[in-house]
$ cat structure-v5.txt   # compact mmCIF, C-alpha atoms
# COMPACT_ATOMS: atom_id res chain seq x y z
CA MET A 1 -19.67 -25.41 3.58
CA THR A 2 -20.20 -24.10 0.07
CA GLY A 3 -20.90 -20.45 0.49
CA GLU A 4 -18.80 -17.50 1.29
CA GLU A 5 -15.54 -17.36 3.10
CA THR A 6 -15.40 -18.42 6.74
CA GLU A 7 -13.18 -16.28 8.94
CA ARG A 8 -9.65 -17.49 9.58
CA PRO A 9 -8.88 -18.60 13.14
CA GLY A 10 -7.44 -15.67 15.06
CA ALA A 11 -8.50 -13.10 12.45
CA SER A 12 -10.82 -11.42 14.93
CA ALA A 13 -8.01 -11.10 17.50
CA HIS A 14 -5.67 -9.62 14.89
CA ARG A 15 -8.35 -7.15 13.79
CA LYS A 16 -8.89 -6.14 17.42
CA ALA A 17 -5.13 -5.72 17.87
CA ALA A 18 -4.97 -3.55 14.75
CA MET A 19 -7.76 -1.34 16.12
CA ILE A 20 -5.96 -1.02 19.46
CA TRP A 21 -2.67 -0.09 17.75
CA ALA A 22 -4.54 2.45 15.61
CA GLY A 23 -6.03 3.96 18.77
CA VAL A 24 -2.62 4.09 20.47
CA PHE A 25 -1.19 5.72 17.33
CA VAL A 26 -3.85 8.45 17.30
CA VAL A 27 -3.39 9.10 21.04
CA ALA A 28 0.40 9.23 20.58
CA MET A 29 0.15 11.59 17.59
CA PHE A 30 -1.91 14.06 19.60
CA GLY A 31 -0.33 13.31 22.99
CA THR A 32 3.33 13.66 21.98
CA PRO A 33 3.16 17.37 20.98
CA PHE A 34 1.27 18.06 24.22
CA LEU A 35 3.90 16.29 26.33
CA LEU A 36 6.77 17.90 24.43
CA SER A 37 5.27 21.36 24.97
CA MET A 38 5.79 20.81 28.70
CA THR A 39 9.44 19.79 28.36
CA ALA A 40 12.57 21.88 27.82
CA MET A 41 13.91 19.71 24.99
CA PRO A 42 15.83 21.56 22.21
CA PRO A 43 13.61 22.25 19.14
CA GLY A 44 15.57 19.87 16.87
CA TRP A 45 15.11 16.96 19.25
CA LYS A 46 11.45 17.87 19.64
CA GLN A 47 10.94 17.43 15.88
CA PHE A 48 12.63 14.04 16.10
CA ALA A 49 10.52 12.97 19.08
CA MET A 50 7.39 14.03 17.18
CA LEU A 51 8.15 11.35 14.61
CA MET A 52 8.38 8.53 17.16
CA PRO A 53 4.63 7.74 17.15
CA MET A 54 5.10 6.77 13.48
CA LEU A 55 6.82 3.61 14.74
CA LEU A 56 3.45 2.50 16.08
CA LEU A 57 2.33 2.08 12.47
CA ILE A 58 4.53 -1.04 12.19
CA PRO A 59 2.60 -3.26 14.66
CA MET A 60 -0.68 -1.72 13.44
CA VAL A 61 0.01 -2.67 9.81
CA ARG A 62 1.30 -6.13 10.80
CA ALA A 63 -1.86 -6.86 12.79
CA SER A 64 -4.03 -5.47 10.00
CA TYR A 65 -2.46 -7.78 7.40
CA ALA A 66 -2.57 -10.75 9.76
CA ALA A 67 -6.35 -10.30 10.01
CA GLN A 68 -6.78 -10.68 6.25
CA PRO A 69 -7.43 -14.04 4.56
CA GLY A 70 -4.04 -15.48 3.61
CA GLY A 71 -2.25 -13.11 5.99
CA MET A 72 0.68 -11.07 4.77
CA GLY A 73 2.26 -12.66 1.69
CA ALA A 74 6.01 -12.63 1.08
CA PRO A 75 5.91 -9.73 -1.46
CA THR A 76 3.85 -7.61 0.95
CA ARG A 77 6.20 -8.45 3.82
CA ARG A 78 9.21 -7.37 1.74
CA TYR A 79 7.31 -4.23 0.68
CA MET A 80 6.64 -3.29 4.30
CA ILE A 81 10.30 -3.84 5.24
CA ARG A 82 11.50 -1.71 2.29
CA LEU A 83 8.93 1.00 2.92
CA PHE A 84 9.60 1.32 6.64
CA THR A 85 13.35 1.23 6.02
CA ALA A 86 13.00 4.07 3.50
CA MET A 87 10.80 6.02 5.93
CA GLY A 88 13.29 5.47 8.73
CA VAL A 89 16.25 6.65 6.62
CA TYR A 90 14.14 9.64 5.51
CA MET A 91 13.32 10.72 9.05
CA VAL A 92 16.86 10.29 10.37
CA SER A 93 18.56 11.90 7.34
CA LEU A 94 16.17 14.86 7.28
CA PHE A 95 16.61 15.47 10.97
CA ALA A 96 20.40 15.10 10.70
CA ALA A 97 20.62 17.43 7.68
CA LYS A 98 18.47 20.13 9.27
CA TYR A 99 20.29 19.93 12.60
CA LEU A 100 23.80 19.93 11.12
CA LEU A 101 23.11 22.74 8.66
CA LYS A 102 21.26 24.87 11.18
CA HIS A 103 24.19 24.70 13.58
CA HIS A 104 26.72 25.28 10.76
CA MET A 105 28.43 21.99 11.52
CA VAL A 106 28.76 21.11 7.84
CA GLU A 107 29.68 23.21 4.83
CA GLY A 108 31.10 22.94 1.32
CA TRP A 109 30.79 19.72 -0.67
CA ALA A 110 29.58 17.75 2.38
CA VAL A 111 26.25 19.58 2.14
CA TRP A 112 25.52 17.65 -1.08
CA PRO A 113 25.22 14.13 0.38
CA LEU A 114 23.28 15.54 3.33
CA ALA A 115 20.82 17.26 1.00
CA LEU A 116 20.58 14.24 -1.31
CA LEU A 117 19.84 11.61 1.35
CA PRO A 118 16.24 12.62 2.27
CA GLY A 119 15.28 12.75 -1.42
CA LEU A 120 16.95 9.44 -2.21
CA SER A 121 15.18 7.78 0.71
CA VAL A 122 11.83 8.89 -0.80
CA VAL A 123 13.05 7.31 -4.06
CA GLY A 124 13.48 4.18 -1.92
CA ALA A 125 9.76 4.32 -1.15
CA PHE A 126 9.00 4.53 -4.91
CA TYR A 127 11.30 1.53 -5.38
CA ALA A 128 9.37 -0.40 -2.70
CA VAL A 129 6.08 0.18 -4.56
CA GLY A 130 7.67 -0.81 -7.88
CA MET A 131 9.11 -4.02 -6.44
CA LEU A 132 5.75 -4.87 -4.88
CA ILE A 133 4.22 -4.80 -8.37
CA ILE A 134 7.07 -6.84 -9.86
CA GLU A 135 7.12 -9.48 -7.11
CA GLN A 136 3.35 -9.84 -6.79
CA LYS A 137 2.44 -13.31 -8.08
CA ASP A 138 -1.34 -12.85 -7.92
CA GLU A 139 -2.34 -11.28 -11.25
CA TYR A 140 -5.55 -9.69 -9.93
CA ILE A 141 -3.78 -8.03 -6.99
CA ARG A 142 -1.03 -6.91 -9.39
CA MET A 143 -3.67 -5.32 -11.63
CA LEU A 144 -5.11 -3.46 -8.63
CA LEU A 145 -1.62 -2.18 -7.72
CA VAL A 146 -0.95 -1.02 -11.28
CA ARG A 147 -4.28 0.82 -11.38
CA GLN A 148 -3.48 2.45 -8.03
CA THR A 149 -0.08 3.69 -9.22
CA LEU A 150 -1.57 4.91 -12.53
CA VAL A 151 -4.13 6.99 -10.66
CA ALA A 152 -1.40 8.31 -8.33
CA SER A 153 0.90 9.20 -11.26
CA ALA A 154 -1.91 10.86 -13.20
CA LEU A 155 -2.94 12.90 -10.17
CA ALA A 156 0.61 14.00 -9.27
CA LEU A 157 1.61 14.85 -12.86
CA ALA A 158 -1.63 16.70 -13.54
CA ALA A 159 -1.38 18.67 -10.31
CA ALA A 160 2.31 19.51 -10.88
CA THR A 161 1.69 20.64 -14.47
CA VAL A 162 -1.34 22.80 -13.69
CA TRP A 163 0.32 24.31 -10.61
CA GLY A 164 3.48 25.00 -12.62
CA PHE A 165 1.58 27.10 -15.15
CA LEU A 166 -0.42 28.89 -12.45
CA GLU A 167 2.85 29.67 -10.68
CA ASN A 168 4.45 30.79 -13.94
CA PHE A 169 1.68 33.33 -14.48
CA GLY A 170 2.01 34.60 -10.94
CA LEU A 171 -1.37 33.34 -9.77
CA VAL A 172 -0.18 31.03 -6.98
CA ASP A 173 2.81 30.84 -4.66
CA HIS A 174 5.86 28.69 -5.33
CA ILE A 175 5.88 25.28 -3.68
CA ASP A 176 8.89 22.99 -3.32
CA ALA A 177 8.97 20.19 -5.90
CA PHE A 178 9.19 17.41 -3.29
CA TYR A 179 5.55 18.08 -2.42
CA TRP A 180 4.58 16.32 -5.67
CA ALA A 181 5.92 13.10 -4.16
CA ILE A 182 3.51 13.62 -1.28
CA VAL A 183 0.70 14.18 -3.81
CA TRP A 184 1.73 10.89 -5.47
CA PHE A 185 1.52 8.96 -2.18
CA PHE A 186 -1.84 10.63 -1.52
CA GLY A 187 -2.80 9.50 -5.04
CA LEU A 188 -2.17 5.88 -4.03
CA GLY A 189 -4.97 6.32 -1.52
CA VAL A 190 -7.21 7.85 -4.19
CA GLY A 191 -6.29 4.92 -6.45
CA ALA A 192 -7.33 2.45 -3.75
CA ILE A 193 -10.72 4.21 -3.46
CA PHE A 194 -11.01 4.17 -7.27
CA ASN A 195 -10.36 0.39 -7.22
CA ARG A 196 -12.91 -0.14 -4.46
CA ILE A 197 -15.60 1.77 -6.38
CA THR A 198 -14.91 0.22 -9.79
CA VAL A 199 -13.94 -3.40 -9.02
CA GLY A 200 -14.82 -3.83 -5.34
CA SER A 201 -11.29 -4.29 -3.92
CA TRP A 202 -8.94 -1.71 -2.45
CA GLY A 203 -5.53 -2.86 -3.70
CA GLY A 204 -2.34 -3.38 -1.81
CA CYS A 205 -0.22 -0.30 -1.07
CA MET B 1 -17.31 -12.92 -19.86
CA LYS B 2 -19.61 -15.27 -17.91
CA ASN B 3 -18.30 -18.20 -15.91
CA ARG B 4 -19.56 -21.19 -13.90
CA LEU B 5 -16.90 -20.98 -11.22
CA LYS B 6 -19.29 -20.42 -8.32
CA VAL B 7 -21.47 -23.38 -9.32
CA LEU B 8 -18.49 -25.68 -9.85
CA ARG B 9 -17.04 -24.64 -6.50
CA ALA B 10 -20.36 -25.19 -4.72
CA GLU B 11 -20.69 -28.67 -6.26
CA ARG B 12 -17.42 -29.59 -4.57
CA ASP B 13 -18.32 -27.95 -1.25
CA TRP B 14 -15.34 -25.60 -1.51
CA THR B 15 -15.21 -22.14 -0.01
CA GLN B 16 -13.64 -19.29 -1.99
CA GLY B 17 -10.63 -19.74 0.28
CA ASP B 18 -10.40 -23.45 -0.58
CA LEU B 19 -10.44 -22.66 -4.30
CA ALA B 20 -7.94 -19.83 -3.82
CA ASP B 21 -5.55 -22.18 -1.99
CA ARG B 22 -5.83 -24.81 -4.74
CA LEU B 23 -5.13 -22.22 -7.44
CA GLU B 24 -2.46 -20.47 -5.33
CA ILE B 25 -4.16 -17.10 -5.75
CA SER B 26 -5.88 -14.74 -3.30
CA ARG B 27 -9.49 -15.12 -2.20
CA GLN B 28 -10.05 -11.61 -3.57
CA SER B 29 -9.09 -12.93 -7.02
CA VAL B 30 -11.53 -15.83 -6.80
CA ASN B 31 -14.29 -13.45 -5.74
CA ALA B 32 -13.48 -10.99 -8.57
CA ILE B 33 -13.52 -13.78 -11.18
CA GLU B 34 -16.72 -15.34 -9.84
CA THR B 35 -18.58 -12.04 -9.86
CA GLY B 36 -17.36 -11.22 -13.38
CA LYS B 37 -15.36 -8.18 -12.25
CA TYR B 38 -12.12 -9.67 -13.53
CA ASP B 39 -11.37 -11.97 -16.46
CA PRO B 40 -8.38 -14.22 -15.71
CA SER B 41 -5.35 -14.44 -17.97
CA LEU B 42 -5.10 -17.43 -20.28
CA PRO B 43 -2.53 -19.23 -18.05
CA LEU B 44 -4.82 -18.82 -15.01
CA ALA B 45 -7.87 -19.92 -17.04
CA PHE B 46 -5.95 -23.09 -17.98
CA ARG B 47 -5.07 -23.71 -14.31
CA ILE B 48 -8.74 -23.34 -13.38
CA ALA B 49 -9.77 -25.70 -16.18
CA ASP B 50 -7.12 -28.24 -15.14
CA LEU B 51 -8.30 -28.10 -11.53
CA PHE B 52 -11.91 -28.85 -12.48
CA GLU B 53 -10.77 -31.31 -15.20
CA MET B 54 -12.81 -29.44 -17.81
CA LYS B 55 -12.19 -27.44 -20.96
CA ILE B 56 -11.85 -23.66 -20.63
CA GLU B 57 -14.97 -23.07 -22.74
CA GLU B 58 -16.98 -25.31 -20.40
CA ILE B 59 -16.20 -22.90 -17.55
CA PHE B 60 -15.98 -19.53 -19.33
CA GLN B 61 -18.47 -18.31 -21.93
CA ARG B 62 -18.92 -15.11 -23.90
CA ASP B 63 -21.50 -12.63 -22.57
$ encode --input "structure-v5.txt" --output "structure tokens"
Amino acid sequence: MTGEETERPGASAHRKAAMIWAGVFVVAMFGTPFLLSMTAMPPGWKQFAMLMPMLLLIPMVRASYAAQPGGMGAPTRRYMIRLFTAMGVYMVSLFAAKYLLKHHMVEGWAVWPLALLPGLSVVGAFYAVGMLIIEQKDEYIRMLLVRQTLVASALALAAATVWGFLENFGLVDHIDAFYWAIVWFFGLGVGAIFNRITVGSWGGC
Amino acid sequence: MKNRLKVLRAERDWTQGDLADRLEISRQSVNAIETGKYDPSLPLAFRIADLFEMKIEEIFQRD
């Protein structure tokens, strides 16, 4: 057969599994708050329980990659492990910090490591993206990743700069600086769309 | 840059996946090179030329 790519064996099953996991994730995201509203769980634990559906993203992403030609390469596998580890540390550290500080269980210098951990775990997510670019052996995929991160960086820096001046002149409200990290991760999605439109492929993170 | 990758691949009855496996790159890369959306680096161009046992300029030409 000379023409285009034939589908890998099992790719259809993996794609179906990814769709099912995505469906379960959406149901869990909407269903969890509903179920929690009917329970007498303390508010802090409720916030933690709200994050549990995020764990469903792991099998969804694994199935999604398995459906692709070539499956999940070693750099992507390491990226997923690093990213989910960073996200896990972020969720646990943020919950722990909020809970401990709210109940005045920690004070003085000990507040510093508690306050630093959520931020540093987001830095871990930046590190995961950086290492994905470094470890990626395929030069075309690496180019797509670099373009994605350039778009994300441009978007986040531009938004932060413009907002900063607007805030300085009293035109908009103050927003916490960590939101620019969220804008950056959103920018990765914009970068993937930019890649798709300009070169026909999404990219890898 | 133009290239004859698709023709050379078809002559050998290879799919894009077959060529990608032989070059140890992704199928996306093969597709991007074939359709002229991406020009490979010199090392990759040499690997492609070596695989087809041809000179680089016999596979890749200026627009």
$ atom_distance --input "structure-v5.txt" --atom1 "CA of Gly203 (chain A)" --atom2 "CA of Pro75 (chain A)"
13.5 Å
$ residues_around --input "structure-v5.txt" --residues "region 54-61 of chain B" --least-positions-apart "6" --cutoff "7 Å" --atoms "all atoms listed in the file" --output "MDAnalysis selection string"
chainID B and resid 1:5 45:46
$ residues_around --input "structure-v5.txt" --residues "region 98-101 of chain A" --least-positions-apart "4" --cutoff "12 Å" --atoms "all atoms listed in the file" --output "JSON, numbers by chain"
{"A": [42, 43, 44, 45, 46, 47, 48, 90, 91, 92, 93, 94, 105, 106, 107, 108, 110, 111, 112, 114, 115, 117, 118]}
$ residues_around --input "structure-v5.txt" --residues "region 16-32 of chain B" --least-positions-apart "5" --cutoff "6 Å" --atoms "all atoms listed in the file" --output "ChimeraX atom specification"
/A:5,138,140 /B:37-38
$ atom_distance --input "structure-v5.txt" --atom1 "CA of Leu188 (chain A)" --atom2 "CA of Val123 (chain A)"
15.3 Å
$ residues_around --input "structure-v5.txt" --residues "region 119-121 of chain A" --least-positions-apart "4" --cutoff "7 Å" --atoms "only C-alpha atoms" --output "list of chain:residue names"
A:Ala86, A:Val89, A:Tyr90, A:Ala125
$ write_last_selection --input "structure-v5.txt" --atoms "C-alpha atoms" --output "PDB file, in the coordinates of the input"
ATOM      1  CA  ALA A  86      13.000   4.070   3.500  1.00  0.00           C
ATOM      2  CA  VAL A  89      16.250   6.650   6.620  1.00  0.00           C
ATOM      3  CA  TYR A  90      14.140   9.640   5.510  1.00  0.00           C
ATOM      4  CA  ALA A 125       9.760   4.320  -1.150  1.00  0.00           C
TER       5      ALA A 125
END
